[in-house]
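Below is the file data-v8.tsv, which contains TSV, C-alpha atoms.
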chain	number	residue	atom	x	y	z
A	1	MET	CA	0.00	0.00	0.00
A	2	PHE	CA	2.79	2.47	0.90
A	3	ARG	CA	4.75	1.69	-2.24
A	4	PHE	CA	1.58	2.36	-4.17
A	5	LEU	CA	1.26	5.75	-2.52
A	6	LEU	CA	4.88	6.77	-3.19
A	7	ASN	CA	4.77	5.93	-6.86
A	8	PHE	CA	1.51	7.70	-7.43
A	9	ASP	CA	0.98	10.54	-9.90
A	10	PHE	CA	0.33	13.35	-7.45
A	11	VAL	CA	-1.36	15.72	-9.88
A	12	LYS	CA	-3.95	13.08	-10.58
A	13	LEU	CA	-4.22	12.26	-6.93
A	14	GLN	CA	-4.79	15.88	-6.09
A	15	LYS	CA	-7.65	15.97	-8.56
A	16	LEU	CA	-9.03	12.78	-7.06
A	17	LEU	CA	-8.75	14.04	-3.52
A	18	TYR	CA	-10.76	17.08	-4.48
A	19	PHE	CA	-13.75	14.77	-4.47
A	20	MET	CA	-12.84	12.85	-1.36
A	21	SER	CA	-14.74	12.99	1.90
A	22	ASP	CA	-13.94	15.49	4.63
A	23	SER	CA	-12.14	13.04	6.86
A	24	THR	CA	-9.65	12.22	4.12
A	25	GLU	CA	-9.03	15.83	3.11
A	26	LYS	CA	-8.19	16.85	6.65
A	27	GLY	CA	-5.01	14.81	6.66
A	28	PHE	CA	-3.68	15.90	3.28
A	29	ASP	CA	-1.96	19.00	1.93
A	30	VAL	CA	0.36	18.42	-1.05
A	31	LYS	CA	2.42	21.59	-0.72
A	32	GLY	CA	2.90	21.37	3.00
A	33	GLU	CA	3.76	17.68	3.00
A	34	GLN	CA	6.54	17.67	0.35
A	35	GLY	CA	4.75	15.36	-2.01
A	36	PHE	CA	3.80	12.80	0.64
A	37	ILE	CA	0.32	12.11	1.71
A	38	TYR	CA	-0.91	10.49	4.80
A	39	SER	CA	-4.41	9.32	5.49
A	40	ARG	CA	-6.22	6.54	7.17
A	41	LEU	CA	-6.32	3.37	5.11
A	42	ASP	CA	-9.96	2.96	6.16
A	43	ASP	CA	-10.82	6.28	4.60
A	44	ILE	CA	-9.15	5.53	1.29
A	45	ILE	CA	-10.71	2.06	1.00
A	46	ASN	CA	-14.12	3.36	2.03
A	47	TRP	CA	-13.87	6.26	-0.39
A	48	VAL	CA	-13.10	3.88	-3.25
A	49	ARG	CA	-15.88	1.51	-2.28
A	50	ALA	CA	-18.52	4.13	-1.66
A	51	ASN	CA	-18.00	5.87	-4.98
A	52	SER	CA	-17.97	2.82	-7.22
A	53	ILE	CA	-20.90	0.71	-6.02
A	54	TRP	CA	-21.90	-1.60	-8.83
A	55	PRO	CA	-25.54	-2.52	-8.29
A	56	GLN	CA	-27.08	-5.83	-9.11
A	57	PRO	CA	-30.68	-5.16	-10.13
A	58	MET	CA	-32.80	-7.93	-8.64
A	59	GLY	CA	-35.91	-6.63	-10.40
A	60	LEU	CA	-38.89	-8.72	-9.34
A	61	ALA	CA	-41.91	-6.44	-9.77
A	62	CYS	CA	-43.00	-2.87	-10.49
A	63	CYS	CA	-40.25	-1.30	-8.34
A	64	ALA	CA	-37.86	-2.46	-11.05
A	65	ILE	CA	-39.48	0.06	-13.41
A	66	GLU	CA	-38.58	2.84	-10.99
A	67	LEU	CA	-35.09	1.35	-10.77
A	68	MET	CA	-34.85	1.75	-14.55
A	69	ALA	CA	-35.93	5.37	-14.17
A	70	VAL	CA	-33.08	5.87	-11.71
A	71	GLY	CA	-30.73	4.54	-14.37
A	72	GLY	CA	-32.14	6.94	-16.95
A	73	SER	CA	-30.96	10.46	-17.72
A	74	ARG	CA	-33.54	12.29	-15.62
A	75	PHE	CA	-32.42	10.88	-12.26
A	76	ASP	CA	-29.05	9.53	-13.42
A	77	ILE	CA	-27.56	7.08	-10.97
A	78	GLY	CA	-24.24	7.74	-12.77
A	79	ARG	CA	-23.75	10.88	-10.69
A	80	PHE	CA	-22.84	8.60	-7.79
A	81	GLY	CA	-20.65	6.20	-9.73
A	82	MET	CA	-23.28	3.47	-9.67
A	83	GLU	CA	-24.41	3.39	-13.26
A	84	VAL	CA	-22.61	0.12	-13.92
A	85	MET	CA	-25.55	-2.25	-13.47
A	86	ARG	CA	-24.18	-5.76	-13.44
A	87	PHE	CA	-26.43	-8.69	-14.08
A	88	SER	CA	-23.79	-11.10	-12.87
A	89	PRO	CA	-23.64	-11.42	-9.08
A	90	ARG	CA	-19.89	-11.99	-9.25
A	91	GLN	CA	-19.25	-8.49	-10.59
A	92	SER	CA	-21.58	-6.53	-8.33
A	93	ASP	CA	-21.38	-5.03	-4.85
A	94	CYS	CA	-24.92	-4.02	-3.97
A	95	MET	CA	-28.04	-6.05	-4.61
A	96	ILE	CA	-31.12	-3.89	-5.05
A	97	VAL	CA	-34.07	-6.18	-4.32
A	98	SER	CA	-36.84	-4.30	-6.11
A	99	GLY	CA	-40.16	-6.06	-5.92
A	100	THR	CA	-42.23	-8.81	-4.39
A	101	VAL	CA	-40.22	-11.79	-3.18
A	102	THR	CA	-42.24	-14.98	-3.34
A	103	TYR	CA	-41.18	-18.12	-1.54
A	104	LYS	CA	-40.50	-19.67	-4.92
A	105	MET	CA	-38.12	-16.83	-5.84
A	106	ALA	CA	-36.60	-16.37	-2.38
A	107	GLY	CA	-34.27	-19.35	-2.75
A	108	ALA	CA	-32.95	-17.93	-6.00
A	109	VAL	CA	-32.43	-14.50	-4.41
A	110	LYS	CA	-30.48	-16.13	-1.59
A	111	ARG	CA	-28.40	-18.08	-4.08
A	112	VAL	CA	-27.55	-15.00	-6.11
A	113	TYR	CA	-26.62	-13.16	-2.91
A	114	ASP	CA	-24.33	-16.01	-1.88
A	115	GLN	CA	-22.53	-15.77	-5.21
A	116	MET	CA	-21.71	-12.08	-4.79
A	117	ALA	CA	-18.13	-11.35	-3.76
A	118	ALA	CA	-17.57	-9.59	-0.41
A	119	PRO	CA	-17.88	-6.78	0.48
A	120	LYS	CA	-21.55	-6.73	-0.47
A	121	TRP	CA	-24.59	-4.74	0.52
A	122	VAL	CA	-28.34	-5.13	0.05
A	123	ILE	CA	-31.05	-2.52	-0.44
A	124	ALA	CA	-34.65	-3.65	0.10
A	125	MET	CA	-36.49	-1.37	-2.31
A	126	GLY	CA	-40.18	-0.76	-1.70
A	127	ALA	CA	-42.79	-2.10	0.68
A	128	CYS	CA	-42.83	-5.63	-0.75
A	129	ALA	CA	-39.12	-6.29	-0.42
A	130	SER	CA	-39.05	-4.67	3.02
A	131	SER	CA	-42.05	-6.36	4.63
A	132	GLY	CA	-44.15	-8.21	2.05
A	133	GLY	CA	-46.15	-5.06	1.41
A	134	MET	CA	-49.74	-5.50	0.38
A	135	PHE	CA	-49.13	-9.18	-0.35
A	136	ARG	CA	-49.91	-10.55	3.08
A	137	SER	CA	-50.66	-13.97	1.68
A	138	TYR	CA	-49.63	-17.59	1.36
A	139	SER	CA	-47.19	-17.12	-1.50
A	140	THR	CA	-45.15	-14.10	-0.43
A	141	LEU	CA	-42.09	-13.92	1.77
A	142	GLN	CA	-42.81	-11.27	4.43
A	143	GLY	CA	-39.67	-9.23	3.86
A	144	VAL	CA	-36.46	-10.22	2.11
A	145	ASP	CA	-34.58	-9.83	5.40
A	146	LYS	CA	-35.91	-13.26	6.34
A	147	VAL	CA	-33.44	-14.63	3.79
A	148	ILE	CA	-30.55	-12.19	3.37
A	149	PRO	CA	-29.19	-9.32	5.53
A	150	VAL	CA	-30.45	-5.90	4.44
A	151	ASP	CA	-28.52	-2.62	4.86
A	152	VAL	CA	-31.09	-0.03	3.76
A	153	TYR	CA	-34.87	-0.29	3.60
A	154	VAL	CA	-36.73	2.09	1.29
A	155	ALA	CA	-40.41	2.89	1.75
A	156	GLY	CA	-42.84	3.42	-1.10
A	157	CYS	CA	-45.14	1.43	-3.31
A	158	PRO	CA	-43.44	1.72	-5.69
A	159	THR	CA	-40.47	3.68	-4.42
A	160	ARG	CA	-39.87	7.08	-6.05
A	161	PRO	CA	-36.53	7.34	-7.86
A	162	GLU	CA	-35.51	10.15	-5.49
A	163	ALA	CA	-36.08	7.84	-2.54
A	164	LEU	CA	-33.88	5.16	-4.07
A	165	LEU	CA	-31.15	7.73	-4.72
A	166	ASP	CA	-31.46	8.81	-1.08
A	167	ALA	CA	-31.11	5.18	-0.04
A	168	LEU	CA	-27.99	4.81	-2.17
A	169	MET	CA	-26.49	7.95	-0.61
A	170	ARG	CA	-27.30	6.59	2.84
A	171	LEU	CA	-25.59	3.37	1.86
A	172	GLN	CA	-22.57	5.44	0.81
A	173	GLY	CA	-22.66	7.07	4.23
A	174	LYS	CA	-22.77	3.66	5.88
A	175	ILE	CA	-19.84	2.41	3.80
A	176	ARG	CA	-17.79	5.47	4.81
A	177	THR	CA	-18.12	4.53	8.48
A	178	GLU	CA	-17.02	0.92	8.07
A	179	HIS	CA	-13.80	-0.38	9.63
A	180	SER	CA	-12.75	-1.87	6.33
A	181	THR	CA	-9.04	-2.43	7.07
A	182	LYS	CA	-9.81	-4.27	10.28
A	183	GLU	CA	-12.33	-6.40	8.45
A	184	LEU	CA	-9.84	-7.11	5.64
A	185	PHE	CA	-7.43	-8.72	8.07
A	186	SER	CA	-9.88	-10.32	10.45
A	187	ARG	CA	-10.20	-14.05	10.28
A	188	ASN	CA	-13.90	-14.45	9.57
A	189	ARG	CA	-14.59	-11.35	7.56
A	190	TYR	CA	-17.92	-10.70	5.95
A	191	CYS	CA	-19.56	-13.84	7.19
B	1	MET	CA	-75.41	-18.20	-34.29
B	2	ASP	CA	-78.35	-20.47	-34.12
B	3	ARG	CA	-78.97	-21.89	-30.67
B	4	LYS	CA	-81.29	-24.52	-32.04
B	5	LYS	CA	-78.63	-25.75	-34.41
B	6	ILE	CA	-76.14	-26.22	-31.60
B	7	SER	CA	-78.60	-27.92	-29.27
B	8	SER	CA	-79.72	-30.28	-32.03
B	9	ALA	CA	-76.14	-31.19	-32.94
B	10	MET	CA	-75.16	-31.63	-29.29
B	11	PRO	CA	-78.29	-32.50	-27.30
B	12	TYR	CA	-76.30	-32.95	-24.09
B	13	LEU	CA	-75.57	-29.19	-23.94
B	14	LYS	CA	-78.01	-27.29	-21.76
B	15	ALA	CA	-78.36	-23.56	-22.36
B	16	ARG	CA	-77.77	-21.45	-19.25
B	17	GLU	CA	-78.41	-17.87	-18.30
B	18	ALA	CA	-75.58	-15.41	-18.80
B	19	ALA	CA	-75.69	-11.86	-17.48
B	20	ASP	CA	-73.45	-10.61	-20.27
B	21	GLY	CA	-75.53	-12.19	-23.02
B	22	MET	CA	-72.83	-14.62	-24.10
B	23	GLU	CA	-73.81	-17.99	-25.58
B	24	SER	CA	-73.49	-20.24	-22.55
B	25	TYR	CA	-74.05	-23.95	-22.07
B	26	ASP	CA	-73.73	-26.49	-19.31
B	27	CYS	CA	-71.78	-29.49	-20.47
B	28	PRO	CA	-71.41	-32.87	-18.75
B	29	PRO	CA	-67.69	-33.47	-18.19
B	30	ASP	CA	-67.60	-36.80	-20.04
B	31	LYS	CA	-68.90	-35.04	-23.19
B	32	LEU	CA	-66.61	-32.00	-22.89
B	33	LEU	CA	-63.92	-33.27	-25.26
B	34	GLU	CA	-66.50	-34.19	-27.87
B	35	ALA	CA	-68.32	-30.85	-27.59
B	36	ALA	CA	-65.07	-28.87	-27.87
B	37	GLY	CA	-64.08	-30.91	-30.91
B	38	ILE	CA	-67.38	-30.22	-32.64
B	39	LEU	CA	-67.18	-26.52	-31.74
B	40	LYS	CA	-63.69	-26.31	-33.20
B	41	ASP	CA	-64.26	-28.33	-36.39
B	42	GLU	CA	-67.84	-27.47	-37.34
B	43	TYR	CA	-68.59	-24.14	-35.65
B	44	GLU	CA	-65.25	-22.41	-36.33
B	45	PHE	CA	-64.28	-21.74	-32.70
B	46	GLN	CA	-60.57	-21.70	-33.39
B	47	THR	CA	-59.27	-20.49	-30.04
B	48	LEU	CA	-59.72	-21.39	-26.40
B	49	ASP	CA	-59.34	-18.04	-24.67
B	50	ASP	CA	-59.54	-18.91	-21.00
B	51	ILE	CA	-60.29	-21.58	-18.45
B	52	ALA	CA	-61.73	-20.33	-15.17
B	53	SER	CA	-61.99	-22.87	-12.38
B	54	ILE	CA	-64.77	-22.71	-9.78
B	55	ASP	CA	-65.02	-23.81	-6.17
B	56	MET	CA	-68.58	-23.61	-4.87
B	57	GLY	CA	-67.37	-24.04	-1.29
B	58	PRO	CA	-67.04	-26.92	1.18
B	59	ASP	CA	-70.10	-25.92	3.20
B	60	LYS	CA	-72.52	-26.85	0.41
B	61	PRO	CA	-72.30	-30.63	0.23
B	62	SER	CA	-75.19	-31.02	-2.21
B	63	GLY	CA	-74.26	-30.78	-5.85
B	64	ALA	CA	-70.90	-30.49	-7.55
B	65	ARG	CA	-68.24	-28.41	-5.79
B	66	PHE	CA	-65.50	-28.00	-8.40
B	67	GLY	CA	-65.81	-27.11	-12.04
B	68	ALA	CA	-64.35	-25.15	-14.90
B	69	VAL	CA	-65.70	-22.55	-17.32
B	70	TYR	CA	-64.25	-22.58	-20.84
B	71	HIS	CA	-64.34	-19.53	-23.10
B	72	PHE	CA	-64.03	-20.21	-26.82
B	73	TYR	CA	-63.61	-17.49	-29.44
B	74	SER	CA	-64.33	-17.67	-33.15
B	75	HIS	CA	-62.27	-15.30	-35.31
B	76	THR	CA	-64.54	-15.83	-38.30
B	77	ARG	CA	-67.86	-15.45	-36.46
B	78	LYS	CA	-66.40	-12.80	-34.12
B	79	MET	CA	-68.13	-14.20	-31.07
B	80	TYR	CA	-67.50	-15.98	-27.81
B	81	LEU	CA	-69.04	-19.18	-26.53
B	82	ARG	CA	-68.96	-20.42	-22.95
B	83	LEU	CA	-69.04	-24.00	-21.72
B	84	CYS	CA	-69.38	-24.87	-18.05
B	85	ALA	CA	-68.38	-28.35	-16.84
B	86	MET	CA	-68.74	-29.40	-13.19
B	87	CYS	CA	-66.70	-32.28	-11.80
B	88	PRO	CA	-68.88	-35.17	-10.58
B	89	ASP	CA	-66.51	-36.20	-7.77
B	90	ASN	CA	-66.09	-33.57	-5.03
B	91	SER	CA	-63.21	-35.21	-3.19
B	92	ASN	CA	-61.15	-36.02	-6.27
B	93	PRO	CA	-62.17	-33.51	-8.98
B	94	LYS	CA	-61.28	-34.54	-12.52
B	95	LEU	CA	-61.96	-33.13	-15.99
B	96	PRO	CA	-60.78	-34.19	-19.46
B	97	SER	CA	-57.87	-32.18	-20.84
B	98	LEU	CA	-58.38	-30.08	-23.97
B	99	THR	CA	-54.67	-29.92	-24.80
B	100	GLY	CA	-55.18	-32.30	-27.71
B	101	LEU	CA	-57.50	-29.78	-29.36
B	102	TYR	CA	-56.23	-26.42	-28.13
B	103	LEU	CA	-52.58	-25.80	-27.26
B	104	SER	CA	-53.62	-22.80	-25.19
B	105	ALA	CA	-55.27	-25.17	-22.73
B	106	ASP	CA	-51.84	-26.32	-21.54
B	107	TRP	CA	-50.91	-23.56	-19.11
B	108	ALA	CA	-54.50	-22.72	-18.22
B	109	GLU	CA	-55.09	-26.29	-17.08
B	110	ARG	CA	-51.82	-26.34	-15.19
B	111	GLU	CA	-52.88	-23.19	-13.37
B	112	ALA	CA	-56.28	-24.66	-12.51
B	113	TYR	CA	-54.55	-27.81	-11.28
B	114	ASP	CA	-52.05	-25.81	-9.23
B	115	LEU	CA	-54.42	-23.41	-7.50
B	116	MET	CA	-57.72	-25.34	-7.45
B	117	GLY	CA	-56.61	-28.95	-7.52
B	118	ILE	CA	-58.65	-30.08	-10.52
B	119	GLU	CA	-56.90	-32.94	-12.25
B	120	PHE	CA	-57.01	-32.77	-16.06
B	121	GLU	CA	-56.87	-36.27	-17.47
B	122	GLY	CA	-54.76	-36.59	-20.61
B	123	HIS	CA	-52.63	-33.50	-19.97
B	124	PRO	CA	-49.08	-34.24	-21.18
B	125	HIS	CA	-47.30	-32.45	-18.31
B	126	LEU	CA	-49.62	-31.67	-15.42
B	127	ALA	CA	-47.20	-29.93	-13.03
B	128	ARG	CA	-47.63	-26.90	-10.80
B	129	ILE	CA	-47.09	-23.64	-12.65
B	130	LEU	CA	-47.18	-20.87	-9.98
B	131	MET	CA	-46.48	-22.56	-6.65
B	132	TRP	CA	-43.39	-24.70	-6.31
B	133	ASP	CA	-43.25	-28.47	-6.80
B	134	GLY	CA	-43.94	-30.24	-3.55
B	135	TYR	CA	-46.32	-27.57	-2.23
B	136	PRO	CA	-48.99	-29.63	-0.49
B	137	TYR	CA	-52.07	-27.39	-0.88
B	138	HIS	CA	-54.25	-25.80	-3.54
B	139	PRO	CA	-54.44	-22.16	-2.39
B	140	LEU	CA	-57.50	-20.90	-4.28
B	141	ARG	CA	-59.84	-23.44	-2.69
B	142	LYS	CA	-62.45	-21.88	-0.44
B	143	ASP	CA	-61.27	-23.75	2.65
B	144	PHE	CA	-57.65	-22.57	2.30
B	145	PRO	CA	-56.86	-19.52	4.48
B	146	LEU	CA	-55.47	-16.43	2.74
B	147	ALA	CA	-52.64	-16.25	5.28
B	148	GLY	CA	-51.45	-19.67	4.16
B	149	LEU	CA	-50.38	-22.80	6.04
B	150	PRO	CA	-46.94	-24.10	7.02
B	151	ALA	CA	-45.36	-25.97	4.13
B	152	PRO	CA	-41.99	-27.37	3.11
B	153	LEU	CA	-39.62	-24.92	1.40
B	154	PRO	CA	-38.98	-24.98	-2.37
B	155	ASP	CA	-36.00	-26.92	-3.71
B	156	SER	CA	-34.28	-23.65	-4.65
B	157	PHE	CA	-33.41	-23.25	-0.96
B	158	ASP	CA	-31.14	-26.28	-0.95
B	159	GLY	CA	-28.68	-25.94	1.90
B	160	ASN	CA	-30.33	-22.77	3.21
B	161	TYR	CA	-33.18	-24.23	5.19
B	162	ASP	CA	-32.33	-22.25	8.31
B	163	ALA	CA	-32.88	-18.93	6.52
B	164	THR	CA	-36.67	-18.88	6.57
B	165	LYS	CA	-39.78	-21.01	6.88
B	166	VAL	CA	-43.04	-21.05	4.98
B	167	VAL	CA	-45.38	-19.80	7.71
B	168	PRO	CA	-48.80	-18.13	7.64
B	169	ALA	CA	-48.64	-14.38	7.06
B	170	PRO	CA	-49.85	-12.27	10.02
B	171	MET	CA	-53.44	-11.23	9.33
B	172	GLU	CA	-54.91	-10.00	12.63
B	173	GLY	CA	-58.47	-10.61	11.57
B	174	GLY	CA	-58.36	-9.53	7.95
B	175	PRO	CA	-56.12	-9.15	4.94
B	176	PHE	CA	-55.45	-5.43	5.35
B	177	ASN	CA	-56.08	-4.81	9.02
B	178	ALA	CA	-53.91	-2.43	10.97
B	179	SER	CA	-54.59	-0.61	14.24
B	180	GLN	CA	-55.71	2.85	13.15
B	181	GLY	CA	-55.34	4.65	16.47
B	182	ASP	CA	-51.69	4.06	17.18
B	183	ALA	CA	-49.43	6.95	16.41
B	184	PHE	CA	-46.37	4.86	15.70
B	185	ALA	CA	-46.14	2.88	12.48
B	186	GLU	CA	-44.33	0.17	14.38
B	187	LYS	CA	-47.43	-0.41	16.50
B	188	ARG	CA	-49.87	-0.10	13.59
B	189	GLU	CA	-48.12	-2.65	11.43
B	190	PRO	CA	-49.00	-6.21	12.53
B	191	ARG	CA	-45.90	-7.66	10.96
B	192	SER	CA	-43.61	-5.63	13.19
B	193	HIS	CA	-44.69	-7.54	16.30
B	194	ALA	CA	-45.82	-10.84	14.78
B	195	GLN	CA	-44.14	-13.98	16.02
B	196	ILE	CA	-42.70	-15.42	12.83

What does this structure look like when you write it as C-alpha cells?
Amino acid sequence: MFRFLLNFDFVKLQKLLYFMSDSTEKGFDVKGEQGFIYSRLDDIINWVRANSIWPQPMGLACCAIELMAVGGSRFDIGRFGMEVMRFSPRQSDCMIVSGTVTYKMAGAVKRVYDQMAAPKWVIAMGACASSGGMFRSYSTLQGVDKVIPVDVYVAGCPTRPEALLDALMRLQGKIRTEHSTKELFSRNRYC
Amino acid sequence: MDRKKISSAMPYLKAREAADGMESYDCPPDKLLEAAGILKDEYEFQTLDDIASIDMGPDKPSGARFGAVYHFYSHTRKMYLRLCAMCPDNSNPKLPSLTGLYLSADWAEREAYDLMGIEFEGHPHLARILMWDGYPYHPLRKDFPLAGLPAPLPDSFDGNYDATKVVPAPMEGGPFNASQGDAFAEKREPRSHAQI
C-alpha cells in the first residue's frame, strides 16, 4: 500500500482528492507535505468503495421500473458512480431487491446473494421487499430480510426514484463509516 | 349463431343464463372433449381463450363443488361461446384435458390444477405452474386460508433451510387490518410484532 502511494501521480491524486470525503481531506496537503500524503487506510478504501458501487438489479416487480428510471438520464444514478448495473452477481457489490419476493423466488435470491463477492450490501427497495407489502398472503415472503441481511430499507409502493437515490447515498454514508481495514485482516470477515 | 342448431347437434348441452348475453351452455364433463371438438371443427371456434376454475365451497355438500368454465372465441364469427363443466366427484375432482384440441389449454389447465386442484386427465405435463413443486395445498380453494399454512420450502433453498420457513402471514383478523389509532407505524403494522 505504501509503495503504491509513493509511486503515485500526485497531480492526478490531487484531482481525485478534491472529491474525497472530509475526513480524508483533513489529513492531506500536497504543498505542505513535500509530495507525501498520509491518510487513514480505512478512509481511502471506504472512499473507493462508496463511490464505485456496482448494483445488481434484482428486479422482481414494479419497483424495477422505478429502478430503470433511476438509471435513466432524468435521475441519473451515474452521478454517484453506480451506473454500472451488473447482471452477474460476481461483478456486483450491492443487490437492489426491487419487488415482491415470493417463496418460490426467495431461494434464487439467496443463491444469487451467496454468489456475490464480499464486500456486499443489500437494499430492500419498496414495501414488498421490506415487509411483504400488500401481499400478506400464502405465497409471499414477508420481507427479504428473512433470507438475506439488508442494509437499507426504502419505503414506497413503488419507491420514487428520489427515494432510491437517497437510499444509495445513505448506503454510501454507511460504507464510509465501516472499519474496512480491520475487516480485511480479520479471520472471519464478511460472514 | 343459431342456438337450435347447436342444441340439435349436441343435445347434451343445456343452455344457461348469462348476465353478459354470451352464448353459454352447461356441459357434462364426459362429453366435454367431444363438444369442444365439434365446436372447433364445425362451428369455427378456433381459439380457447380462457379456463376459469370454480369452487362452490365446502359448506354446500349437495351438488358439484369444483368445475371449470371454458371460453371459446371464433375469429370468423367474431363471437364468444362459454361452456361450463362441473366435476362429478367432489373429493377427487377430474376433468378431461383439452390440450389435444387447443394448445392454449396447456398452461391454463396447469394453473387450474395448481391453484384449485382439478386434475385434467390426458394433460401431457400436469405440473404446478405458480407454486413450487412439492407444495402440499391448492391455495385458491375456499377452505384454504389467505394467510397460508406451514409448508416445506422450495427446492431452490437447498442448503439454506435455516434462513426462513413457509409460515402463515400475520393477518390480525383480515387481509389489510392495521390498528388505526396508534401513532407509531411500528405499533400499527401487525408484521412488526408478529411472532414469525

Checklist entry - How far is it from atom CA of Ser88 of chain A to atom CA of Ala117 of chain A, in Å with one decimal? => result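 Separation between atom CA of Ser88 of chain A and atom CA of Ala117 of chain A: 10.7 Å.
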
Mind running chain B against chain A at 7 Å and telling me each contacting residue's nearest atom pair with the distance in Å (one decimal), counting all atoms listed in the file, chain and number ascending, as a Markdown table?
| residue | atom | partner | partner_atom | distance |
| --- | --- | --- | --- | --- |
| B:Met131 | CA | A:Lys104 | CA | 6.9 |
| B:Trp132 | CA | A:Lys104 | CA | 6.0 |
| B:Leu146 | CA | A:Ser137 | CA | 5.5 |
| B:Ala147 | CA | A:Ser137 | CA | 4.7 |
| B:Gly148 | CA | A:Tyr138 | CA | 3.9 |
| B:Pro154 | CA | A:Lys104 | CA | 6.1 |
| B:Ser156 | CA | A:Gly107 | CA | 4.7 |
| B:Phe157 | CA | A:Gly107 | CA | 4.4 |
| B:Ala163 | CA | A:Val147 | CA | 5.1 |
| B:Thr164 | CA | A:Lys146 | CA | 5.7 |
| B:Pro168 | CA | A:Tyr138 | CA | 6.4 |
| B:Ala169 | CA | A:Arg136 | CA | 5.7 |
| B:Pro175 | CA | A:Arg136 | CA | 6.6 |

Checklist entry - If you measure from atom CA of His75 of chain B to atom CA of Ser97 of chain B, what distance in Å do you get, rounded to one decimal? => result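 Computing it gives 22.7 Å between the two atoms.
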
Item to check | For Gly57 of chain B, the nearest of the candidates B:Met171, B:Leu140, B:Leu130, B:Ala108, counting all atoms listed in the file | outcome: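 Result for the nearest residue to Gly57 of chain B: B:Leu140.
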
Checklist entry - Which residues, written as a VMD selection string, have at least one atom at most 8 Å from Met125 of chain A, with only C-alpha atoms counted and residues fewer than 2 positions away on the same chain left out? => result chain A and resid 63 96 to 99 123 127 to 130 153 to 155 159 164

Checklist entry - Using all atoms listed in the file, which residues sit within 12 Å of Ser7 of chain B once same-chain residues fewer than 3 positions away are excluded, as a list in words? => result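 Neighbouring residues, sequence-local ones excluded: Met1, Asp2, Arg3, Lys4, Met10, Pro11, Tyr12, Leu13, Lys14, Ala15, Arg16, Glu23, Ser24, Tyr25, Asp26, Cys27, Ala35, Ile38 and Leu39 of chain B.
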
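Of the listed residues (B:Leu48, B:Arg191, B:Ala127, B:Gly122), B:Leu48 comes nearest to Tyr80 of chain B; the distances count only C-alpha atoms.
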
Item to check | Residues near Lys120 of chain A, cut-off 12 Å, only C-alpha atoms, skip fewer than 2 positions along chain, as a PyMOL selection string | outcome: chain A and resi 49-50+53-56+89-96+112-118+122-123+148-151+171+175+189-191

Assuming the input is short of atoms at segment 46-60 of chain A, produce N, CA and C atoms for that part as an mmCIF file, keeping the file's coordinate frame.
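Result went into result24.cif, see below:
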data_model
loop_
_atom_site.group_PDB
_atom_site.id
_atom_site.type_symbol
_atom_site.label_atom_id
_atom_site.label_comp_id
_atom_site.auth_asym_id
_atom_site.auth_seq_id
_atom_site.Cartn_x
_atom_site.Cartn_y
_atom_site.Cartn_z
ATOM 1 N N ASN A 46 -12.691 3.036 2.004
ATOM 2 C CA ASN A 46 -14.120 3.360 2.030
ATOM 3 C C ASN A 46 -14.499 4.339 0.939
ATOM 4 N N TRP A 47 -13.596 5.278 0.660
ATOM 5 C CA TRP A 47 -13.870 6.260 -0.390
ATOM 6 C C TRP A 47 -13.974 5.566 -1.738
ATOM 7 N N VAL A 48 -13.059 4.615 -1.993
ATOM 8 C CA VAL A 48 -13.100 3.880 -3.250
ATOM 9 C C VAL A 48 -14.377 3.053 -3.344
ATOM 10 N N ARG A 49 -14.705 2.379 -2.265
ATOM 11 C CA ARG A 49 -15.880 1.510 -2.280
ATOM 12 C C ARG A 49 -17.164 2.300 -2.424
ATOM 13 N N ALA A 50 -17.251 3.397 -1.686
ATOM 14 C CA ALA A 50 -18.520 4.130 -1.660
ATOM 15 C C ALA A 50 -18.809 4.810 -2.994
ATOM 16 N N ASN A 51 -17.768 5.141 -3.735
ATOM 17 C CA ASN A 51 -18.000 5.870 -4.980
ATOM 18 C C ASN A 51 -17.963 4.989 -6.220
ATOM 19 N N SER A 52 -17.898 3.694 -6.043
ATOM 20 C CA SER A 52 -17.970 2.820 -7.220
ATOM 21 C C SER A 52 -18.814 1.594 -6.888
ATOM 22 N N ILE A 53 -19.996 1.832 -6.310
ATOM 23 C CA ILE A 53 -20.900 0.710 -6.020
ATOM 24 C C ILE A 53 -21.491 0.226 -7.337
ATOM 25 N N TRP A 54 -21.277 -1.032 -7.638
ATOM 26 C CA TRP A 54 -21.900 -1.600 -8.830
ATOM 27 C C TRP A 54 -23.148 -2.352 -8.406
ATOM 28 N N PRO A 55 -24.319 -1.854 -8.765
ATOM 29 C CA PRO A 55 -25.540 -2.520 -8.290
ATOM 30 C C PRO A 55 -25.888 -3.743 -9.108
ATOM 31 N N GLN A 56 -26.552 -4.652 -8.427
ATOM 32 C CA GLN A 56 -27.080 -5.830 -9.110
ATOM 33 C C GLN A 56 -28.593 -5.718 -9.059
ATOM 34 N N PRO A 57 -29.245 -5.389 -10.173
ATOM 35 C CA PRO A 57 -30.680 -5.160 -10.130
ATOM 36 C C PRO A 57 -31.466 -6.455 -10.027
ATOM 37 N N MET A 58 -31.944 -6.761 -8.829
ATOM 38 C CA MET A 58 -32.800 -7.930 -8.640
ATOM 39 C C MET A 58 -34.241 -7.453 -8.845
ATOM 40 N N GLY A 59 -34.603 -7.204 -10.095
ATOM 41 C CA GLY A 59 -35.910 -6.630 -10.400
ATOM 42 C C GLY A 59 -36.979 -7.708 -10.430
ATOM 43 N N LEU A 60 -37.891 -7.671 -9.453
ATOM 44 C CA LEU A 60 -38.890 -8.720 -9.340
ATOM 45 C C LEU A 60 -40.306 -8.230 -9.615
#
